[in-house]
Amino acid sequence: MIKKAVIPAAGYGTRFLPITKAIPKEMLPIIDRPTIEFIVEEAKMSGIDQILIIVSSNKNAIIDYFDHNLELETILLNKSKQELFNVVHDIGEGVHLFFVRQKEQLGLGHAILQAEAFTADEPFAVLLGDDMFVSEGKPALKQLIDLHQKTQASVLGTMEVSYENTQKYGICEPQQTHEDYMELRGVVEKPAPEYAPSLYAIAGRYVLTPTIYKYLKTQNKGKGGEIQLTDAILRLMSEEKVYAKNMEAKRYDVGSKIDYIEAIIDRALQDDTLKEDIQAMLKRKG
């Protein structure tokens, strides 16, 4: 059973500048909770009990958020605000959180390398800090973990994208398609539409075997001058089978302004204290 997960959260967040000059993109709020808390919660609901969050030197706010604030908690208790105390005190409860700094931002593959001592020789999950997945049933990550349990191989979470958007993602090349998953022949990083081998895009969730480290350590820089995880996964396929599964969940790319706004609206519409007011506001603006 997969018990460890890695959340890379060291990027610069350039799509949200200038606010990310001072606030980590992972701390941008979905109403009253930061995006990274939803990602931690997904991991927890998928059976993960140890999470390594990879940060950079300017992201202490993430570490502080998951730490206890004894002064604030004491004030809340003294003012008999038990419900608010519980909300603040219980952040990150139920999982063991660890942090490590990525001293240089050399790409996702390089970020994952920082987790080698943490995951050791165990298979592990990866949840990108840019991607929120919301599902009514089984969490997106748990869907991948279940397939890993069946195949004992690396599994990539995917979604179907439009033809013109293939150049934004790593795209899977299926070798054999099963009922609800596929064995892969290859992956191509951000291909032009005419060169895309499919419309199945890698979408921010992975279960990886520890063999991936062998390839990350020797991986040359790829697109953007970065060590690409996709390139290392392609090389991994020469030694092990790799599978992909379309996740049954709603994805929000919270590094995208429009997806971020949609995530806030959808979250508000699920909140009984906000739903009617939000619906009325949207009706007025419509």
# chains A, B, ... in the order shown; residues from 1 in each chain; ligands from 1
>>> residues_around(residues="range 15-21 of chain A", least_positions_apart="4", cutoff="12 Å", atoms="only C-alpha atoms", output="list in words")
Ala10, Gly11, Lys25, Glu26, Met27, Leu28, Asn58, Lys59, Ala61, Asp130, Asp253, Val254, Gly255, Ser256, Lys257, Ile258 and Tyr260 of chain A
>>> write_last_selection(atoms="N, CA, C and O atoms", output="PDB file, in the first residue's frame")
ATOM      1  N   ALA A  10       7.954  24.299  -4.906  1.00  0.00           N
ATOM      2  CA  ALA A  10       9.084  25.228  -4.846  1.00  0.00           C
ATOM      3  C   ALA A  10       9.114  26.208  -6.011  1.00  0.00           C
ATOM      4  O   ALA A  10      10.003  27.052  -6.073  1.00  0.00           O
ATOM      5  N   GLY A  11       8.149  26.104  -6.929  1.00  0.00           N
ATOM      6  CA  GLY A  11       8.175  26.944  -8.123  1.00  0.00           C
ATOM      7  C   GLY A  11       7.931  28.412  -7.821  1.00  0.00           C
ATOM      8  O   GLY A  11       7.476  28.789  -6.741  1.00  0.00           O
ATOM      9  N   LYS A  25       2.289  30.588  -4.356  1.00  0.00           N
ATOM     10  CA  LYS A  25       1.072  30.310  -5.125  1.00  0.00           C
ATOM     11  C   LYS A  25       0.229  29.227  -4.452  1.00  0.00           C
ATOM     12  O   LYS A  25      -0.999  29.237  -4.544  1.00  0.00           O
ATOM     13  N   GLU A  26       0.891  28.304  -3.755  1.00  0.00           N
ATOM     14  CA  GLU A  26       0.171  27.231  -3.072  1.00  0.00           C
ATOM     15  C   GLU A  26      -0.632  27.730  -1.884  1.00  0.00           C
ATOM     16  O   GLU A  26      -1.494  27.022  -1.362  1.00  0.00           O
ATOM     17  N   MET A  27      -0.348  28.980  -1.447  1.00  0.00           N
ATOM     18  CA  MET A  27      -1.068  29.568  -0.322  1.00  0.00           C
ATOM     19  C   MET A  27      -2.190  30.496  -0.773  1.00  0.00           C
ATOM     20  O   MET A  27      -2.887  31.083   0.067  1.00  0.00           O
ATOM     21  N   LEU A  28      -2.380  30.663  -2.071  1.00  0.00           N
ATOM     22  CA  LEU A  28      -3.504  31.473  -2.538  1.00  0.00           C
ATOM     23  C   LEU A  28      -4.800  30.815  -2.087  1.00  0.00           C
ATOM     24  O   LEU A  28      -4.986  29.606  -2.252  1.00  0.00           O
ATOM     25  N   ASN A  58      11.812  30.983  -0.056  1.00  0.00           N
ATOM     26  CA  ASN A  58      10.820  32.048   0.159  1.00  0.00           C
ATOM     27  C   ASN A  58       9.422  31.501   0.428  1.00  0.00           C
ATOM     28  O   ASN A  58       8.431  32.211   0.262  1.00  0.00           O
ATOM     29  N   LYS A  59       9.326  30.244   0.844  1.00  0.00           N
ATOM     30  CA  LYS A  59       8.008  29.639   1.038  1.00  0.00           C
ATOM     31  C   LYS A  59       7.781  29.181   2.471  1.00  0.00           C
ATOM     32  O   LYS A  59       7.114  28.175   2.733  1.00  0.00           O
ATOM     33  N   ALA A  61       5.844  30.421   4.489  1.00  0.00           N
ATOM     34  CA  ALA A  61       4.423  30.536   4.823  1.00  0.00           C
ATOM     35  C   ALA A  61       3.742  29.173   4.768  1.00  0.00           C
ATOM     36  O   ALA A  61       2.803  28.913   5.534  1.00  0.00           O
ATOM     37  N   ASP A 130       0.040  22.661  -8.235  1.00  0.00           N
ATOM     38  CA  ASP A 130      -0.769  23.509  -9.120  1.00  0.00           C
ATOM     39  C   ASP A 130      -2.154  22.934  -9.390  1.00  0.00           C
ATOM     40  O   ASP A 130      -3.029  23.642  -9.891  1.00  0.00           O
ATOM     41  N   ASP A 253      -6.674  23.768 -12.627  1.00  0.00           N
ATOM     42  CA  ASP A 253      -5.285  24.221 -12.697  1.00  0.00           C
ATOM     43  C   ASP A 253      -5.225  25.560 -11.980  1.00  0.00           C
ATOM     44  O   ASP A 253      -5.468  26.605 -12.565  1.00  0.00           O
ATOM     45  N   VAL A 254      -4.907  25.519 -10.693  1.00  0.00           N
ATOM     46  CA  VAL A 254      -4.978  26.744  -9.892  1.00  0.00           C
ATOM     47  C   VAL A 254      -3.799  27.669 -10.148  1.00  0.00           C
ATOM     48  O   VAL A 254      -3.687  28.725  -9.515  1.00  0.00           O
ATOM     49  N   GLY A 255      -2.932  27.292 -11.079  1.00  0.00           N
ATOM     50  CA  GLY A 255      -1.943  28.229 -11.574  1.00  0.00           C
ATOM     51  C   GLY A 255      -2.486  29.072 -12.708  1.00  0.00           C
ATOM     52  O   GLY A 255      -1.845  30.023 -13.150  1.00  0.00           O
ATOM     53  N   SER A 256      -3.685  28.700 -13.179  1.00  0.00           N
ATOM     54  CA  SER A 256      -4.382  29.461 -14.217  1.00  0.00           C
ATOM     55  C   SER A 256      -5.406  30.365 -13.553  1.00  0.00           C
ATOM     56  O   SER A 256      -6.186  29.917 -12.699  1.00  0.00           O
ATOM     57  N   LYS A 257      -5.449  31.625 -13.931  1.00  0.00           N
ATOM     58  CA  LYS A 257      -6.343  32.568 -13.267  1.00  0.00           C
ATOM     59  C   LYS A 257      -7.802  32.177 -13.436  1.00  0.00           C
ATOM     60  O   LYS A 257      -8.592  32.266 -12.491  1.00  0.00           O
ATOM     61  N   ILE A 258      -8.182  31.727 -14.618  1.00  0.00           N
ATOM     62  CA  ILE A 258      -9.589  31.397 -14.840  1.00  0.00           C
ATOM     63  C   ILE A 258      -9.984  30.140 -14.063  1.00  0.00           C
ATOM     64  O   ILE A 258     -11.067  30.073 -13.481  1.00  0.00           O
ATOM     65  N   TYR A 260      -8.549  29.147 -11.307  1.00  0.00           N
ATOM     66  CA  TYR A 260      -8.514  29.543  -9.900  1.00  0.00           C
ATOM     67  C   TYR A 260      -9.821  30.210  -9.496  1.00  0.00           C
ATOM     68  O   TYR A 260     -10.412  29.890  -8.457  1.00  0.00           O
TER      69      TYR A 260
END
>>> residues_around(residues="Ile39 in chain A", least_positions_apart="4", cutoff="7 Å", atoms="only C-alpha atoms", output="list in words")
Thr35, Ala43 and Met132 of chain A
>>> write_last_selection(atoms="N, CA and C atoms", output="PDB file, in the first residue's frame")
ATOM      1  N   THR A  35      -4.817  26.538  -1.359  1.00  0.00           N
ATOM      2  CA  THR A  35      -4.952  25.423  -2.300  1.00  0.00           C
ATOM      3  C   THR A  35      -4.188  24.187  -1.830  1.00  0.00           C
ATOM      4  N   ALA A  43      -4.530  13.635  -0.501  1.00  0.00           N
ATOM      5  CA  ALA A  43      -3.569  12.586  -0.181  1.00  0.00           C
ATOM      6  C   ALA A  43      -4.012  11.795   1.048  1.00  0.00           C
ATOM      7  N   MET A 132      -5.650  20.976  -8.403  1.00  0.00           N
ATOM      8  CA  MET A 132      -6.658  20.504  -7.454  1.00  0.00           C
ATOM      9  C   MET A 132      -7.619  19.575  -8.184  1.00  0.00           C
TER      10      MET A 132
END
>>> residues_around(residues="Ile53 in chain A", least_positions_apart="2", cutoff="9 Å", atoms="only C-alpha atoms", output="list in words")
Ala5, Val6, Ile7, Pro8, Ala9, Ala10, Ile51, Val55, Ile62, Ile63, Leu97, Phe98, Phe99, Val100, Arg101 and Ala115 of chain A
>>> residues_around(residues="range 215-228 of chain A", least_positions_apart="4", cutoff="9 Å", atoms="only C-alpha atoms", output="number ranges by chain")
A: 105-113, 189-190, 211, 232-233, 235-236
>>> write_last_selection(atoms="N, CA and C atoms", output="compact mmCIF listing (two decimals), in the first residue's frame")
# COMPACT_ATOMS: atom_id res chain seq x y z
N GLN A 105 15.72 25.74 -8.52
CA GLN A 105 14.52 25.30 -9.23
C GLN A 105 14.93 24.85 -10.63
N LEU A 106 15.26 23.57 -10.77
CA LEU A 106 15.76 23.03 -12.03
C LEU A 106 14.75 22.09 -12.69
N GLY A 107 13.49 22.25 -12.33
CA GLY A 107 12.46 21.45 -12.98
C GLY A 107 11.83 20.43 -12.04
N LEU A 108 10.70 19.87 -12.51
CA LEU A 108 9.95 18.91 -11.70
C LEU A 108 10.78 17.66 -11.39
N GLY A 109 11.52 17.18 -12.39
CA GLY A 109 12.35 16.00 -12.14
C GLY A 109 13.36 16.23 -11.05
N HIS A 110 13.98 17.40 -11.05
CA HIS A 110 14.95 17.74 -10.00
C HIS A 110 14.26 17.85 -8.64
N ALA A 111 13.04 18.39 -8.62
CA ALA A 111 12.29 18.48 -7.36
C ALA A 111 12.03 17.09 -6.78
N ILE A 112 11.62 16.15 -7.63
CA ILE A 112 11.33 14.80 -7.15
C ILE A 112 12.59 14.13 -6.60
N LEU A 113 13.74 14.45 -7.17
CA LEU A 113 15.01 13.89 -6.67
C LEU A 113 15.25 14.25 -5.20
N GLU A 189 6.70 15.25 -24.35
CA GLU A 189 6.52 16.49 -23.59
C GLU A 189 6.08 17.62 -24.51
N LYS A 190 4.86 18.10 -24.29
CA LYS A 190 4.30 19.29 -24.95
C LYS A 190 4.45 19.27 -26.49
N THR A 211 12.49 3.05 -8.94
CA THR A 211 13.40 2.97 -10.09
C THR A 211 13.53 4.31 -10.79
N ALA A 232 12.33 11.38 -17.86
CA ALA A 232 12.81 10.25 -17.05
C ALA A 232 11.82 9.10 -17.08
N ILE A 233 10.52 9.40 -17.08
CA ILE A 233 9.50 8.34 -17.16
C ILE A 233 9.62 7.61 -18.49
N ARG A 235 12.30 7.07 -20.21
CA ARG A 235 13.44 6.16 -20.10
C ARG A 235 13.13 4.99 -19.16
N LEU A 236 12.33 5.24 -18.13
CA LEU A 236 11.92 4.18 -17.20
C LEU A 236 11.19 3.05 -17.94
>>> closest_residue(among="A:Leu234, A:Val40, A:Ala203, A:Ile91", to="Arg251 in chain A", atoms="only C-alpha atoms")
A:Ala203
>>> residues_around(residues="Met45 in chain A", least_positions_apart="3", cutoff="7 Å", atoms="only C-alpha atoms", output="number ranges by chain")
A: 41-42, 139
>>> write_last_selection(atoms="C-alpha atoms", output="short mmCIF file (atom, residue, chain, number, x, y, z; two decimals), in the first residue's frame")
data_model
loop_
_atom_site.label_atom_id
_atom_site.label_comp_id
_atom_site.auth_asym_id
_atom_site.auth_seq_id
_atom_site.Cartn_x
_atom_site.Cartn_y
_atom_site.Cartn_z
CA GLU A 41 -6.48 16.44 2.17
CA GLU A 42 -6.74 14.48 -1.10
CA PRO A 139 -10.24 10.70 -4.71
#
>>> select_by_dssp(residues="range 84-278 of chain A", states="alpha helix (DSSP H)", output="PyMOL selection string")
chain A and resi 84-89+108-113+116-119+140-151+212-216+229-236+257-269+275-278
>>> atom_distance(atom1="CA of Gln102 in chain A", atom2="CA of Leu127 in chain A")
16.3 Å
>>> residues_around(residues="Gly170 in chain A", least_positions_apart="2", cutoff="12 Å", atoms="only C-alpha atoms", output="PyMOL selection string")
chain A and resi 156-161+165-168+172-173+186-193+196-204+223+228-231+233-234
>>> atom_distance(atom1="CA of Ser46 in chain A", atom2="CA of Ala125 in chain A")
10.1 Å
>>> closest_residue(among="A:Ala263, A:Ile75, A:Val126, A:Ile2", to="Phe38 in chain A", atoms="only C-alpha atoms")
A:Ala263
